$ cat entry-v5.cif   # mmCIF, C-alpha atoms and all ligand atoms
data_target
loop_
_atom_site.label_atom_id
_atom_site.label_comp_id
_atom_site.auth_asym_id
_atom_site.auth_seq_id
_atom_site.Cartn_x
_atom_site.Cartn_y
_atom_site.Cartn_z
CA GLN J 284 148.02 -13.29 -112.14
CA ILE J 285 145.19 -13.09 -114.68
CA LYS J 286 145.51 -15.72 -117.43
CA ALA J 287 142.15 -15.37 -119.17
CA CYS J 288 139.49 -12.77 -119.92
CA LEU J 289 135.89 -13.86 -120.48
CA PHE J 290 133.60 -11.48 -122.33
CA ASP J 291 129.85 -11.20 -122.30
CA LEU J 292 128.64 -10.18 -125.78
CA ASP J 293 125.55 -7.97 -125.71
CA GLY J 294 126.37 -4.73 -123.87
CA VAL J 295 130.09 -5.49 -123.64
CA VAL J 296 131.41 -6.15 -127.17
CA VAL J 297 128.43 -4.81 -129.13
CA ASP J 298 125.10 -3.14 -128.42
CA THR J 299 122.69 -5.74 -129.76
CA ALA J 300 120.16 -4.72 -127.07
CA LYS J 301 118.84 -2.12 -129.52
CA TYR J 302 117.98 -4.83 -132.07
CA HIS J 303 116.47 -7.09 -129.40
CA PHE J 304 114.37 -4.09 -128.37
CA ILE J 305 113.05 -3.40 -131.88
CA ALA J 306 112.20 -7.07 -132.43
CA TRP J 307 110.49 -7.51 -129.03
CA ARG J 308 108.57 -4.26 -129.43
CA GLU J 309 107.28 -5.37 -132.83
CA LEU J 310 106.06 -8.60 -131.27
CA ALA J 311 104.39 -6.75 -128.37
CA GLN J 312 102.62 -4.39 -130.76
CA GLU J 313 101.39 -7.33 -132.78
CA LEU J 314 100.00 -8.79 -129.55
CA GLY J 315 98.31 -5.46 -128.84
CA PHE J 316 100.41 -3.78 -126.13
CA ASP J 317 103.32 -1.39 -125.89
CA PHE J 318 106.86 -2.28 -124.86
CA THR J 319 109.20 0.52 -123.77
CA GLU J 320 112.96 0.90 -123.61
CA ALA J 321 112.69 0.77 -119.80
CA ASP J 322 110.91 -2.59 -120.13
CA ASN J 323 113.76 -3.75 -122.38
CA GLU J 324 116.25 -3.23 -119.53
CA ARG J 325 114.69 -6.25 -117.85
CA LEU J 326 115.66 -8.49 -120.77
CA LYS J 327 119.39 -7.78 -120.74
CA GLY J 328 121.45 -10.91 -120.18
CA VAL J 329 118.26 -12.98 -119.88
CA SER J 330 117.61 -16.00 -122.15
CA ARG J 331 115.25 -15.83 -125.13
CA VAL J 332 112.52 -17.94 -123.51
CA ARG J 333 112.70 -16.02 -120.25
CA SER J 334 112.64 -12.73 -122.17
CA LEU J 335 109.38 -13.77 -123.83
CA GLU J 336 107.88 -14.69 -120.47
CA ILE J 337 108.76 -11.25 -119.08
CA LEU J 338 107.30 -9.59 -122.18
CA LEU J 339 104.02 -11.52 -121.86
CA GLU J 340 103.91 -10.65 -118.16
CA ILE J 341 104.19 -6.95 -119.08
CA GLY J 342 101.33 -7.36 -121.57
CA GLY J 343 99.29 -9.38 -119.08
CA ILE J 344 98.97 -12.24 -121.55
CA GLU J 345 99.01 -15.97 -120.82
CA LEU J 346 99.79 -18.46 -123.59
CA ASP J 347 100.50 -22.17 -123.87
CA ASP J 348 104.02 -23.48 -124.47
CA LYS J 349 103.45 -24.21 -128.16
CA ARG J 350 102.34 -20.65 -128.88
CA LYS J 351 105.27 -19.29 -126.83
CA GLU J 352 107.68 -21.34 -128.91
CA GLN J 353 106.16 -19.93 -132.11
CA LEU J 354 106.43 -16.36 -130.86
CA ALA J 355 110.03 -16.80 -129.68
CA ALA J 356 110.92 -18.19 -133.13
CA GLN J 357 109.12 -15.31 -134.85
CA LYS J 358 110.95 -12.73 -132.75
CA ASN J 359 114.25 -14.43 -133.45
CA GLU J 360 113.68 -14.46 -137.21
CA ASN J 361 113.00 -10.75 -137.08
CA TYR J 362 116.05 -10.14 -134.83
CA VAL J 363 118.35 -12.17 -137.09
CA GLY J 364 117.24 -9.94 -139.98
CA TYR J 365 118.76 -7.00 -138.08
CA ILE J 366 121.99 -8.64 -136.95
CA GLN J 367 122.65 -9.95 -140.45
CA ARG J 368 123.20 -6.33 -141.39
CA MET J 369 125.73 -5.67 -138.58
CA ASN J 370 129.32 -4.75 -139.46
CA PRO J 371 132.65 -4.07 -137.67
CA ASP J 372 131.69 -0.41 -137.10
CA GLU J 373 129.37 -1.68 -134.39
CA ILE J 374 132.15 -3.02 -132.15
CA LEU J 375 131.97 -0.86 -129.00
CA PRO J 376 134.80 1.71 -128.58
CA GLY J 377 138.12 0.35 -127.31
CA VAL J 378 137.12 -3.34 -127.44
CA GLU J 379 139.21 -4.34 -130.44
CA ASP J 380 142.36 -2.59 -129.17
CA PHE J 381 141.98 -4.21 -125.76
CA LEU J 382 141.56 -7.68 -127.33
CA LYS J 383 144.75 -7.11 -129.33
CA LYS J 384 146.63 -6.10 -126.17
CA LEU J 385 145.44 -9.26 -124.41
CA LYS J 386 146.80 -11.33 -127.31
CA GLU J 387 150.15 -9.51 -127.22
CA ASN J 388 150.37 -10.27 -123.50
CA GLY J 389 149.51 -13.96 -123.88
CA ILE J 390 146.19 -13.66 -122.04
CA ARG J 391 143.56 -16.08 -123.31
CA ILE J 392 140.16 -14.86 -124.50
CA ALA J 393 136.72 -16.49 -124.31
CA LEU J 394 133.16 -15.45 -125.02
CA GLY J 395 130.53 -16.17 -122.35
CA SER J 396 127.14 -15.14 -123.76
CA ALA J 397 123.53 -16.22 -123.28
CA SER J 398 122.83 -15.64 -126.98
CA LYS J 399 122.30 -18.47 -129.44
CA ASN J 400 123.11 -15.94 -132.17
CA ALA J 401 126.60 -15.18 -130.79
CA PRO J 402 128.50 -16.94 -133.64
CA LEU J 403 126.61 -14.94 -136.29
CA ILE J 404 127.20 -11.65 -134.46
CA LEU J 405 130.95 -12.33 -134.07
CA LYS J 406 131.15 -13.20 -137.77
CA GLN J 407 129.33 -10.03 -138.80
CA ILE J 408 131.64 -7.80 -136.74
CA GLY J 409 134.76 -9.74 -137.82
CA LEU J 410 135.94 -10.77 -134.35
CA THR J 411 135.52 -14.57 -134.40
CA HIS J 412 139.28 -15.16 -134.78
CA MET J 413 140.08 -13.19 -131.61
CA PHE J 414 138.34 -15.73 -129.34
CA ASP J 415 140.15 -18.87 -128.17
CA ALA J 416 136.83 -20.32 -126.98
CA ILE J 417 133.18 -19.45 -127.63
CA ILE J 418 130.60 -20.46 -125.03
CA ASP J 419 127.10 -19.25 -125.90
CA GLY J 420 123.41 -20.03 -125.59
CA ASN J 421 123.90 -23.16 -127.69
CA SER J 422 126.36 -24.73 -125.27
CA VAL J 423 124.81 -23.96 -121.88
CA SER J 424 121.67 -25.26 -120.18
CA LYS J 425 121.61 -22.97 -117.15
CA ALA J 426 121.15 -19.22 -117.45
CA LYS J 427 123.20 -16.59 -115.60
CA PRO J 428 123.44 -16.09 -112.56
CA ASP J 429 124.29 -19.79 -112.79
CA PRO J 430 128.09 -19.92 -113.33
CA GLU J 431 127.91 -22.60 -116.07
CA VAL J 432 128.73 -20.33 -119.03
CA PHE J 433 131.90 -18.97 -117.39
CA LEU J 434 133.02 -22.28 -115.86
CA LYS J 435 132.80 -23.85 -119.33
CA GLY J 436 134.83 -20.95 -120.72
CA ALA J 437 137.59 -21.43 -118.15
CA GLU J 438 137.56 -25.17 -118.78
CA ALA J 439 137.84 -24.70 -122.56
CA LEU J 440 140.89 -22.49 -121.97
CA SER J 441 142.34 -24.79 -119.27
CA VAL J 442 142.59 -21.86 -116.84
CA GLU J 443 141.61 -21.91 -113.13
CA SER J 444 138.60 -19.80 -112.13
CA GLY J 445 140.70 -17.63 -109.81
CA ASP J 446 142.92 -16.63 -112.76
CA CYS J 447 139.96 -15.44 -114.86
CA VAL J 448 138.29 -12.08 -115.10
CA VAL J 449 134.81 -11.61 -116.56
CA PHE J 450 133.53 -8.46 -118.29
CA GLU J 451 129.78 -8.02 -117.80
CA ASP J 452 127.09 -5.39 -118.26
CA ALA J 453 124.24 -7.20 -116.47
CA GLN J 454 123.76 -7.86 -112.76
CA ALA J 455 122.92 -11.54 -113.41
CA GLY J 456 126.24 -11.84 -115.25
CA ILE J 457 128.18 -10.28 -112.36
CA GLU J 458 126.57 -12.82 -110.03
CA ALA J 459 127.38 -15.65 -112.47
CA ALA J 460 131.05 -14.62 -112.48
CA ARG J 461 131.10 -14.45 -108.66
CA ASN J 462 129.41 -17.85 -108.45
CA ALA J 463 132.18 -19.17 -110.70
CA GLY J 464 134.80 -17.78 -108.27
CA MET J 465 136.12 -15.28 -110.81
CA HIS J 466 137.10 -11.62 -110.77
CA VAL J 467 134.60 -9.39 -112.51
CA ILE J 468 134.70 -5.95 -114.09
CA GLY J 469 131.38 -4.23 -114.70
CA ILE J 470 130.74 -2.33 -117.93
CA GLY J 471 128.28 0.51 -117.38
CA HIS J 472 127.30 2.49 -114.29
CA PRO J 473 128.24 1.43 -110.72
CA ASP J 474 124.68 2.07 -109.49
CA ASN J 475 123.39 -0.79 -111.64
CA LEU J 476 126.29 -3.19 -111.13
CA LYS J 477 126.75 -4.32 -107.54
CA ASN J 478 129.45 -6.71 -106.41
CA ALA J 479 131.93 -6.15 -109.28
CA ASP J 480 135.65 -5.62 -108.44
CA PHE J 481 135.22 -2.29 -110.21
CA VAL J 482 133.06 -0.74 -112.92
CA ILE J 483 134.22 1.12 -116.04
CA PRO J 484 132.02 2.97 -118.53
CA GLY J 485 133.67 1.22 -121.50
CA PHE J 486 136.90 -0.27 -122.85
CA GLU J 487 138.52 3.05 -123.71
CA GLU J 488 139.20 3.21 -119.95
CA MET J 489 140.63 -0.33 -119.79
CA THR J 490 144.32 -1.27 -119.68
CA ILE J 491 146.33 -4.45 -119.04
CA GLU J 492 147.66 -2.80 -115.85
CA LYS J 493 144.14 -2.80 -114.41
CA LEU J 494 144.05 -6.61 -114.54
CA LYS J 495 145.68 -6.87 -111.12
CA PHE J 496 143.69 -8.15 -108.16
CA ASP J 497 144.78 -9.06 -104.61
P1 LIG N 501 119.30 -14.86 -128.30
P2 LIG N 501 124.51 -11.61 -123.57
C1 LIG N 501 121.91 -11.93 -124.17
O1 LIG N 501 123.23 -11.68 -124.59
C2 LIG N 501 121.08 -10.67 -124.29
O2 LIG N 501 121.57 -9.67 -123.39
C3 LIG N 501 119.63 -10.96 -123.97
O3 LIG N 501 118.87 -9.79 -124.09
C4 LIG N 501 119.13 -12.07 -124.91
O4 LIG N 501 117.79 -12.40 -124.62
C5 LIG N 501 120.03 -13.30 -124.77
O5 LIG N 501 121.36 -12.94 -125.05
C6 LIG N 501 119.60 -14.43 -125.70
O6 LIG N 501 119.81 -14.02 -127.03
O7 LIG N 501 117.82 -14.67 -128.42
O8 LIG N 501 120.09 -14.25 -129.43
O9 LIG N 501 119.67 -16.30 -128.09
O10 LIG N 501 124.39 -10.30 -122.84
O11 LIG N 501 124.48 -12.82 -122.67
O12 LIG N 501 125.65 -11.63 -124.55
MG MG N 502 125.20 -8.56 -121.65
#

$ encode --input "entry-v5.cif" --output "structure tokens"
Amino acid sequence: QIKACLFDLDGVVVDTAKYHFIAWRELAQELGFDFTEADNERLKGVSRVRSLEILLEIGGIELDDKRKEQLAAQKNENYVGYIQRMNPDEILPGVEDFLKKLKENGIRIALGSASKNAPLILKQIGLTHMFDAIIDGNSVSKAKPDPEVFLKGAEALSVESGDCVVFEDAQAGIEAARNAGMHVIGIGHPDNLKNADFVIPGFEEMTIEKLKFD
């Protein structure tokens, strides 16, 4: 019996990857190299610091920690400029209806995101009130596939891991859910999401009835 649903943010509730992409690409261009949408795939679900390291690796650039910190802050300032203009139209199809159904059925809801900007994004899209607990990049020290973010979510809701299901669009997030001993539903294409209980293209295909696992 599922008692709680834990949601990743980017790629599950909203598509903020497109804003991350614009902001990272601007930084890459400033540093003198190109950054493609295919490169951006590697940053999904990955922390800000790690994302910068991958970006610098792509550009073949080595920098000291102080400079890296400056660049991560610069990218974030730019990114925040984009997400400040987000609105409820950007909630991915079917998400809001599914959240409402969970509430009607007494199933608890938590956010489990790597993003330190998660509270701002939820505010902009008007969904903060739907979450019983918000665990984000500000409250975790270990990145996915470490299970910390989801274990903290289950703890905040006082629900056992085995009674939780995670919704994730990134392989590292699927692994994190598995490492937490939770059920996991992939959002996207099965080819890119191994080890999920099942994969759906989006929430328009999701129902309460599908929350049954052996
Ligand atoms: P921030 P998620 C992740 O969100 C993004 O997928 C990833 O691309 C980003 O680097 C990370 O958040 C950190 O975001 O710079 O805003 O703290 O998929 O875990 O919701
Ligand atoms: Mg994600």

$ closest_residue --input "entry-v5.cif" --among "J:Gln357, J:Asn370, J:Gln284, J:Ser396" --to "ligand LIG 501 (chain N)" --atoms "all atoms listed in the file"
J:Ser396

$ residues_near_ligand --input "entry-v5.cif" --ligand "ligand MG 502 (chain N)" --cutoff "10 Å" --atoms "all atoms listed in the file" --output "JSON, numbers by chain"
{"J": [290, 291, 292, 293, 294, 295, 296, 297, 298, 299, 300, 326, 327, 328, 329, 395, 396, 397, 398, 450, 451, 452, 453, 454, 455, 456, 457, 470]}

$ write_last_selection --input "entry-v5.cif" --atoms "C-alpha atoms" --output "PDB file, keeping the file's coordinate frame"
ATOM      1  CA  PHE J 290     133.600 -11.480-122.330  1.00  0.00           C
ATOM      2  CA  ASP J 291     129.850 -11.200-122.300  1.00  0.00           C
ATOM      3  CA  LEU J 292     128.640 -10.180-125.780  1.00  0.00           C
ATOM      4  CA  ASP J 293     125.550  -7.970-125.710  1.00  0.00           C
ATOM      5  CA  GLY J 294     126.370  -4.730-123.870  1.00  0.00           C
ATOM      6  CA  VAL J 295     130.090  -5.490-123.640  1.00  0.00           C
ATOM      7  CA  VAL J 296     131.410  -6.150-127.170  1.00  0.00           C
ATOM      8  CA  VAL J 297     128.430  -4.810-129.130  1.00  0.00           C
ATOM      9  CA  ASP J 298     125.100  -3.140-128.420  1.00  0.00           C
ATOM     10  CA  THR J 299     122.690  -5.740-129.760  1.00  0.00           C
ATOM     11  CA  ALA J 300     120.160  -4.720-127.070  1.00  0.00           C
ATOM     12  CA  LEU J 326     115.660  -8.490-120.770  1.00  0.00           C
ATOM     13  CA  LYS J 327     119.390  -7.780-120.740  1.00  0.00           C
ATOM     14  CA  GLY J 328     121.450 -10.910-120.180  1.00  0.00           C
ATOM     15  CA  VAL J 329     118.260 -12.980-119.880  1.00  0.00           C
ATOM     16  CA  GLY J 395     130.530 -16.170-122.350  1.00  0.00           C
ATOM     17  CA  SER J 396     127.140 -15.140-123.760  1.00  0.00           C
ATOM     18  CA  ALA J 397     123.530 -16.220-123.280  1.00  0.00           C
ATOM     19  CA  SER J 398     122.830 -15.640-126.980  1.00  0.00           C
ATOM     20  CA  PHE J 450     133.530  -8.460-118.290  1.00  0.00           C
ATOM     21  CA  GLU J 451     129.780  -8.020-117.800  1.00  0.00           C
ATOM     22  CA  ASP J 452     127.090  -5.390-118.260  1.00  0.00           C
ATOM     23  CA  ALA J 453     124.240  -7.200-116.470  1.00  0.00           C
ATOM     24  CA  GLN J 454     123.760  -7.860-112.760  1.00  0.00           C
ATOM     25  CA  ALA J 455     122.920 -11.540-113.410  1.00  0.00           C
ATOM     26  CA  GLY J 456     126.240 -11.840-115.250  1.00  0.00           C
ATOM     27  CA  ILE J 457     128.180 -10.280-112.360  1.00  0.00           C
ATOM     28  CA  ILE J 470     130.740  -2.330-117.930  1.00  0.00           C
TER      29      ILE J 470
END

$ residues_around --input "entry-v5.cif" --residues "region 478-487 of chain J" --least-positions-apart "4" --cutoff "6 Å" --atoms "all atoms listed in the file" --output "PyMOL selection string"
chain J and resi 377-378+467-471+473

$ write_last_selection --input "entry-v5.cif" --atoms "C-alpha atoms" --output "PDB file, in the coordinates of the input"
ATOM      1  CA  GLY J 377     138.120   0.350-127.310  1.00  0.00           C
ATOM      2  CA  VAL J 378     137.120  -3.340-127.440  1.00  0.00           C
ATOM      3  CA  VAL J 467     134.600  -9.390-112.510  1.00  0.00           C
ATOM      4  CA  ILE J 468     134.700  -5.950-114.090  1.00  0.00           C
ATOM      5  CA  GLY J 469     131.380  -4.230-114.700  1.00  0.00           C
ATOM      6  CA  ILE J 470     130.740  -2.330-117.930  1.00  0.00           C
ATOM      7  CA  GLY J 471     128.280   0.510-117.380  1.00  0.00           C
ATOM      8  CA  PRO J 473     128.240   1.430-110.720  1.00  0.00           C
TER       9      PRO J 473
END

$ atom_distance --input "entry-v5.cif" --atom1 "CA of Glu313 (chain J)" --atom2 "CA of Ser334 (chain J)"
16.4 Å

$ atom_distance --input "entry-v5.cif" --atom1 "CA of Leu410 (chain J)" --atom2 "CA of Ile285 (chain J)"
21.9 Å

$ atom_distance --input "entry-v5.cif" --atom1 "CA of Leu476 (chain J)" --atom2 "CA of Leu394 (chain J)"
19.8 Å

$ closest_residue --input "entry-v5.cif" --among "J:Lys399, J:Lys351, J:Lys477, J:Arg391" --to "ligand LIG 501 (chain N)" --atoms "all atoms listed in the file"
J:Lys399

$ closest_residue --input "entry-v5.cif" --among "J:Thr319, J:Ser330, J:Gln312, J:Asn400" --to "Tyr362 (chain J)" --atoms "all atoms listed in the file"
J:Asn400

$ residues_around --input "entry-v5.cif" --residues "Pro430 (chain J)" --least-positions-apart "4" --cutoff "8 Å" --atoms "all atoms listed in the file" --output "MDAnalysis selection string"
chainID J and resid 434 458:463

$ write_last_selection --input "entry-v5.cif" --atoms "C-alpha atoms" --output "PDB file, keeping the file's coordinate frame"
ATOM      1  CA  LEU J 434     133.020 -22.280-115.860  1.00  0.00           C
ATOM      2  CA  GLU J 458     126.570 -12.820-110.030  1.00  0.00           C
ATOM      3  CA  ALA J 459     127.380 -15.650-112.470  1.00  0.00           C
ATOM      4  CA  ALA J 460     131.050 -14.620-112.480  1.00  0.00           C
ATOM      5  CA  ARG J 461     131.100 -14.450-108.660  1.00  0.00           C
ATOM      6  CA  ASN J 462     129.410 -17.850-108.450  1.00  0.00           C
ATOM      7  CA  ALA J 463     132.180 -19.170-110.700  1.00  0.00           C
TER       8      ALA J 463
END

$ closest_residue --input "entry-v5.cif" --among "J:Leu346, J:Leu382, J:Ile305, J:Ile491" --to "ligand LIG 501 (chain N)" --atoms "only C-alpha atoms and all ligand atoms"
J:Ile305

$ closest_residue --input "entry-v5.cif" --among "J:Leu405, J:Ile344, J:Val332, J:Leu338" --to "ligand LIG 501 (chain N)" --atoms "all atoms listed in the file"
J:Val332

$ residues_near_point --input "entry-v5.cif" --point "(109.6, -15.0, -129.6)" --cutoff "10 Å" --atoms "all atoms listed in the file" --output "list in words"
Ala306, Trp307, Leu310, Ala311, Arg331, Val332, Arg333, Ser334, Leu335, Glu336, Leu338, Arg350, Lys351, Glu352, Gln353, Leu354, Ala355, Ala356, Gln357, Lys358, Asn359, Glu360, Asn361 and Tyr362 of chain J

$ residues_around --input "entry-v5.cif" --residues "Arg308 (chain J)" --least-positions-apart "4" --cutoff "9 Å" --atoms "only C-alpha atoms" --output "mmCIF file with C-alpha atoms, in the frame of the given file"
data_model
loop_
_atom_site.group_PDB
_atom_site.id
_atom_site.type_symbol
_atom_site.label_atom_id
_atom_site.label_comp_id
_atom_site.auth_asym_id
_atom_site.auth_seq_id
_atom_site.Cartn_x
_atom_site.Cartn_y
_atom_site.Cartn_z
ATOM 1 C CA HIS J 303 116.470 -7.090 -129.400
ATOM 2 C CA PHE J 304 114.370 -4.090 -128.370
ATOM 3 C CA GLN J 312 102.620 -4.390 -130.760
ATOM 4 C CA GLU J 313 101.390 -7.330 -132.780
ATOM 5 C CA PHE J 316 100.410 -3.780 -126.130
ATOM 6 C CA ASP J 317 103.320 -1.390 -125.890
ATOM 7 C CA PHE J 318 106.860 -2.280 -124.860
ATOM 8 C CA THR J 319 109.200 0.520 -123.770
ATOM 9 C CA GLU J 320 112.960 0.900 -123.610
ATOM 10 C CA ASN J 323 113.760 -3.750 -122.380
#

$ residues_around --input "entry-v5.cif" --residues "Ile390 (chain J)" --least-positions-apart "5" --cutoff "10 Å" --atoms "all atoms listed in the file" --output "JSON, numbers by chain"
{"J": [285, 286, 287, 288, 382, 383, 384, 385, 447, 491]}
